[in-house]
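Novice: Below is the structure I would like to discuss, written out as structure tokens.
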Amino acid sequence: MRTTARTAYRLVWHEVQLYVCLALWVARRRQGIGGGRAFGYASGQSALLMGFTFVCVVETVVMSVLLSRWPAVHHVVLVLDVYTVLFVIGLHAASVVRPHVLEPGALRVRKAAHLDLRVPLERIAAVRRELRLTHEKADGVLDVEIGGQTTVTLELTEPVTYVTFLGRRREVSLVRVYTDEADALIGAVTRALSGEDSRPYPGAEV
């Protein structure tokens, strides 16, 4: 019973976060940047999501025509179609407004509205560019894929706790992420690890 309630809570929370992100996207604001530096990843899946959105819109129009003689059914299908379109756009919006963030003392790895993992800088043993197109599930490894790809690999000196979408806790010591700015992220993390760049980033959002 507790598991079911927790799952329901996580699903509702995710839905709410998507609509919050959608509002922030419309307002051209980002979330959780603070005094850190943002590294985007949304473009890695934007074409796919926008293509899917277009297909959903076309389907909505077609179904409206086909079901025009059955108003009750038409209204139900219309609500579902509009919900699907908003959900997909919300996923894109969440990816835009919730980028990865290098903040004082930690790298914040995110993915839309369902992942937010802070990796303390002192636990990063190595950071390197590594393009991977396939990922097999393995204990202690977290693959934060976008469009099936990861571009940066973080090796940790000790595990960090990762909370899954449904609330389960896992220990991971290898984190692979995708970012549109792999070289910039690697350079910024490397400088932070060496103590070369501890100043607030210009233009950071609150």
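So you can find residues: chains in the structure tokens are A, B, ... in the order shown, residues in each start at 1, and ligands are numbered from 1 in order.
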Write out as a ChimeraX atom specification all residues of stretch 57-113 of chain A that DSSP puts in strand (DSSP E) for this structure's backbone.

Specialist: /A:100-103,106-111

Novice: Write out the residues from the selection above, keeping all heavy atoms, as an mmCIF file, in the first residue's frame.

Specialist:
```cif
data_model
loop_
_atom_site.group_PDB
_atom_site.id
_atom_site.type_symbol
_atom_site.label_atom_id
_atom_site.label_comp_id
_atom_site.auth_asym_id
_atom_site.auth_seq_id
_atom_site.Cartn_x
_atom_site.Cartn_y
_atom_site.Cartn_z
ATOM 1 N N HIS A 100 21.892 20.957 -16.772
ATOM 2 C CA HIS A 100 22.925 20.606 -15.806
ATOM 3 C C HIS A 100 23.502 21.905 -15.257
ATOM 4 O O HIS A 100 23.565 22.917 -15.976
ATOM 5 C CB HIS A 100 24.051 19.814 -16.473
ATOM 6 C CG HIS A 100 23.596 18.577 -17.192
ATOM 7 N ND1 HIS A 100 22.780 17.635 -16.616
ATOM 8 C CD2 HIS A 100 23.859 18.136 -18.446
ATOM 9 C CE1 HIS A 100 22.562 16.655 -17.478
ATOM 10 N NE2 HIS A 100 23.204 16.937 -18.600
ATOM 11 N N VAL A 101 23.947 21.890 -14.007
ATOM 12 C CA VAL A 101 24.485 23.112 -13.401
ATOM 13 C C VAL A 101 25.768 22.796 -12.635
ATOM 14 O O VAL A 101 25.780 21.899 -11.780
ATOM 15 C CB VAL A 101 23.464 23.764 -12.432
ATOM 16 C CG1 VAL A 101 24.049 25.047 -11.835
ATOM 17 C CG2 VAL A 101 22.160 24.065 -13.149
ATOM 18 N N LEU A 102 26.824 23.528 -12.938
ATOM 19 C CA LEU A 102 28.040 23.464 -12.136
ATOM 20 C C LEU A 102 27.949 24.591 -11.127
ATOM 21 O O LEU A 102 28.017 25.760 -11.475
ATOM 22 C CB LEU A 102 29.283 23.640 -13.012
ATOM 23 C CG LEU A 102 30.626 23.633 -12.262
ATOM 24 C CD1 LEU A 102 30.822 22.328 -11.502
ATOM 25 C CD2 LEU A 102 31.776 23.885 -13.225
ATOM 26 N N GLU A 103 27.732 24.208 -9.871
ATOM 27 C CA GLU A 103 27.571 25.188 -8.820
ATOM 28 C C GLU A 103 28.725 25.060 -7.832
ATOM 29 O O GLU A 103 29.475 24.075 -7.894
ATOM 30 C CB GLU A 103 26.222 24.992 -8.113
ATOM 31 C CG GLU A 103 25.990 23.584 -7.602
ATOM 32 C CD GLU A 103 24.564 23.367 -7.119
ATOM 33 O OE1 GLU A 103 23.660 24.094 -7.566
ATOM 34 O OE2 GLU A 103 24.370 22.470 -6.285
ATOM 35 N N ALA A 106 29.686 21.468 -6.324
ATOM 36 C CA ALA A 106 28.969 20.299 -6.849
ATOM 37 C C ALA A 106 28.587 20.483 -8.316
ATOM 38 O O ALA A 106 28.442 21.606 -8.805
ATOM 39 C CB ALA A 106 27.718 20.024 -6.026
ATOM 40 N N LEU A 107 28.443 19.356 -8.995
ATOM 41 C CA LEU A 107 27.879 19.334 -10.335
ATOM 42 C C LEU A 107 26.479 18.762 -10.220
ATOM 43 O O LEU A 107 26.298 17.636 -9.744
ATOM 44 C CB LEU A 107 28.720 18.471 -11.278
ATOM 45 C CG LEU A 107 28.147 18.278 -12.691
ATOM 46 C CD1 LEU A 107 28.043 19.614 -13.422
ATOM 47 C CD2 LEU A 107 28.988 17.281 -13.478
ATOM 48 N N ARG A 108 25.511 19.524 -10.645
ATOM 49 C CA ARG A 108 24.114 19.113 -10.548
ATOM 50 C C ARG A 108 23.685 18.520 -11.886
ATOM 51 O O ARG A 108 23.562 19.221 -12.889
ATOM 52 C CB ARG A 108 23.261 20.326 -10.187
ATOM 53 C CG ARG A 108 21.854 20.016 -9.734
ATOM 54 C CD ARG A 108 21.197 21.288 -9.225
ATOM 55 N NE ARG A 108 19.816 21.082 -8.873
ATOM 56 C CZ ARG A 108 19.013 22.054 -8.443
ATOM 57 N NH1 ARG A 108 19.492 23.287 -8.303
ATOM 58 N NH2 ARG A 108 17.755 21.792 -8.136
ATOM 59 N N VAL A 109 23.488 17.214 -11.907
ATOM 60 C CA VAL A 109 23.106 16.493 -13.121
ATOM 61 C C VAL A 109 21.585 16.354 -13.143
ATOM 62 O O VAL A 109 20.997 15.827 -12.200
ATOM 63 C CB VAL A 109 23.763 15.096 -13.159
ATOM 64 C CG1 VAL A 109 23.275 14.309 -14.371
ATOM 65 C CG2 VAL A 109 25.282 15.234 -13.187
ATOM 66 N N ARG A 110 20.965 16.812 -14.240
ATOM 67 C CA ARG A 110 19.499 16.782 -14.302
ATOM 68 C C ARG A 110 19.019 16.222 -15.634
ATOM 69 O O ARG A 110 19.752 16.196 -16.620
ATOM 70 C CB ARG A 110 18.936 18.190 -14.076
ATOM 71 C CG ARG A 110 19.390 18.787 -12.755
ATOM 72 C CD ARG A 110 18.533 19.944 -12.320
ATOM 73 N NE ARG A 110 18.789 21.151 -13.073
ATOM 74 C CZ ARG A 110 18.240 22.340 -12.768
ATOM 75 N NH1 ARG A 110 17.424 22.434 -11.733
ATOM 76 N NH2 ARG A 110 18.503 23.406 -13.472
ATOM 77 N N LYS A 111 17.785 15.779 -15.624
ATOM 78 C CA LYS A 111 17.129 15.336 -16.848
ATOM 79 C C LYS A 111 15.652 15.652 -16.729
ATOM 80 O O LYS A 111 14.933 14.999 -15.959
ATOM 81 C CB LYS A 111 17.343 13.840 -17.085
ATOM 82 C CG LYS A 111 16.723 13.347 -18.397
ATOM 83 C CD LYS A 111 17.004 11.880 -18.640
ATOM 84 C CE LYS A 111 16.392 11.416 -19.952
ATOM 85 N NZ LYS A 111 16.649 9.975 -20.202
#
```

Novice: Pick out the closest residue to A:Arg176 from this set: A:Thr164, A:Ser194, A:Thr150, A:Thr157. Count only C-alpha atoms.

Specialist: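 Nearest to A:Arg176: A:Thr150.
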
Novice: Per residue of stretch 78-177 of chain A within 10 Å of stretch 51-58 of chain A, which atom pair is closest and at what distance in Å (one decimal), using only C-alpha atoms, listed by chain and increasing number, as JSON lines?

Specialist:
```
{"residue": "A:Asp81", "atom": "CA", "partner": "A:Cys56", "partner_atom": "CA", "distance": 6.9}
{"residue": "A:Val82", "atom": "CA", "partner": "A:Val57", "partner_atom": "CA", "distance": 8.1}
{"residue": "A:Thr84", "atom": "CA", "partner": "A:Cys56", "partner_atom": "CA", "distance": 7.4}
{"residue": "A:Val85", "atom": "CA", "partner": "A:Thr53", "partner_atom": "CA", "distance": 5.8}
{"residue": "A:Leu86", "atom": "CA", "partner": "A:Thr53", "partner_atom": "CA", "distance": 8.7}
{"residue": "A:Phe87", "atom": "CA", "partner": "A:Thr53", "partner_atom": "CA", "distance": 9.3}
{"residue": "A:Val88", "atom": "CA", "partner": "A:Thr53", "partner_atom": "CA", "distance": 6.5}
{"residue": "A:Ile89", "atom": "CA", "partner": "A:Thr53", "partner_atom": "CA", "distance": 7.1}
```

Novice: Which distance in Å separates atom CA of A:Leu142 and atom CA of A:Ser173, to one decimal?

Specialist: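 Interatomic distance, atom CA of A:Leu142 to atom CA of A:Ser173: 8.1 Å.
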
Novice: Which of these, A:Arg30, A:Arg118, A:Lys137, A:Arg129, has the shortest distance to A:Gly105 once you count only C-alpha atoms?

Specialist: A:Arg118

Novice: Taking only C-alpha atoms into account, which of A:Arg28, A:His114, A:His75, A:Arg132 comes nearest A:Val97?

Specialist: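 Under the stated criterion, the closest residue is A:Arg28.
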
Novice: Expressed in Å to a single decimal, how great is the separation between atom CA of A:Glu158 and atom CA of A:Leu115?

Specialist: 19.9 Å

Novice: Tell me, which residues of stretch 69-177 of chain A carry DSSP helix (DSSP H, G or I), written as JSON, numbers by chain?

Specialist: {"A": [71, 72, 73, 74, 75, 76, 77, 78, 79, 80, 81, 82, 83, 84, 85, 86, 87, 88, 89, 90, 91, 92, 93, 94, 95, 96, 97, 121, 122, 123]}

Novice: If we count only C-alpha atoms, what is near A:Cys21 at a cut-off of 6 Å, once residues fewer than 4 positions away on the same chain are taken out, given as JSON, numbers by chain?

Specialist: {"A": [25, 93, 94]}

Novice: Just to be explicit: take each residue in the selection above, keep N, CA and C atoms, and write the result as an mmCIF file, in the first residue's frame.

Specialist:
```cif
data_model
loop_
_atom_site.group_PDB
_atom_site.id
_atom_site.type_symbol
_atom_site.label_atom_id
_atom_site.label_comp_id
_atom_site.auth_asym_id
_atom_site.auth_seq_id
_atom_site.Cartn_x
_atom_site.Cartn_y
_atom_site.Cartn_z
ATOM 1 N N TRP A 25 9.239 28.028 -19.102
ATOM 2 C CA TRP A 25 9.704 28.051 -20.487
ATOM 3 C C TRP A 25 9.041 29.179 -21.266
ATOM 4 N N ALA A 93 10.088 21.456 -22.462
ATOM 5 C CA ALA A 93 10.246 22.649 -21.628
ATOM 6 C C ALA A 93 11.085 22.345 -20.395
ATOM 7 N N ALA A 94 10.821 21.197 -19.755
ATOM 8 C CA ALA A 94 11.579 20.818 -18.562
ATOM 9 C C ALA A 94 13.052 20.618 -18.882
#
```

Novice: With only C-alpha atoms as the basis for distance, which of A:Leu49, A:Arg170, A:Ala113, A:Thr60 is at the shortest distance from A:Tyr19?

Specialist: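 For A:Tyr19, the nearest of the candidates is A:Ala113.
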
Novice: Report as an mmCIF file with C-alpha atoms, in the first residue's frame all protein, DNA and RNA residues lying within 8 Å of stretch 42-45 of chain A, evaluated on only C-alpha atoms, omitting residues in the same chain fewer than 5 positions from it.

Specialist:
```cif
data_model
loop_
_atom_site.group_PDB
_atom_site.id
_atom_site.type_symbol
_atom_site.label_atom_id
_atom_site.label_comp_id
_atom_site.auth_asym_id
_atom_site.auth_seq_id
_atom_site.Cartn_x
_atom_site.Cartn_y
_atom_site.Cartn_z
ATOM 1 C CA HIS A 92 10.881 19.623 -23.832
ATOM 2 C CA SER A 95 14.729 19.888 -20.469
ATOM 3 C CA VAL A 96 15.279 23.530 -21.406
ATOM 4 C CA PRO A 99 19.888 22.156 -17.450
ATOM 5 C CA ILE A 146 19.390 12.103 -24.181
ATOM 6 C CA GLY A 147 18.409 10.777 -27.578
ATOM 7 C CA THR A 179 25.231 17.739 -22.808
ATOM 8 C CA ASP A 180 25.272 19.938 -25.888
#
```

Novice: With distances taken over only C-alpha atoms, which residue among A:Arg169, A:Ala112, A:Ala38, A:Val189 lies nearest A:Ile124?

Specialist: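 Closest to A:Ile124 of all the choices is A:Val189.
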
Novice: With a distance cut-off of 7 Å and only C-alpha atoms, select the neighbouring residues of A:Val160, excluding the residue or stretch itself and same-chain residues fewer than 6 positions from it, and output the selection as an MDAnalysis selection string.

Specialist: chainID A and resid 119 171:173
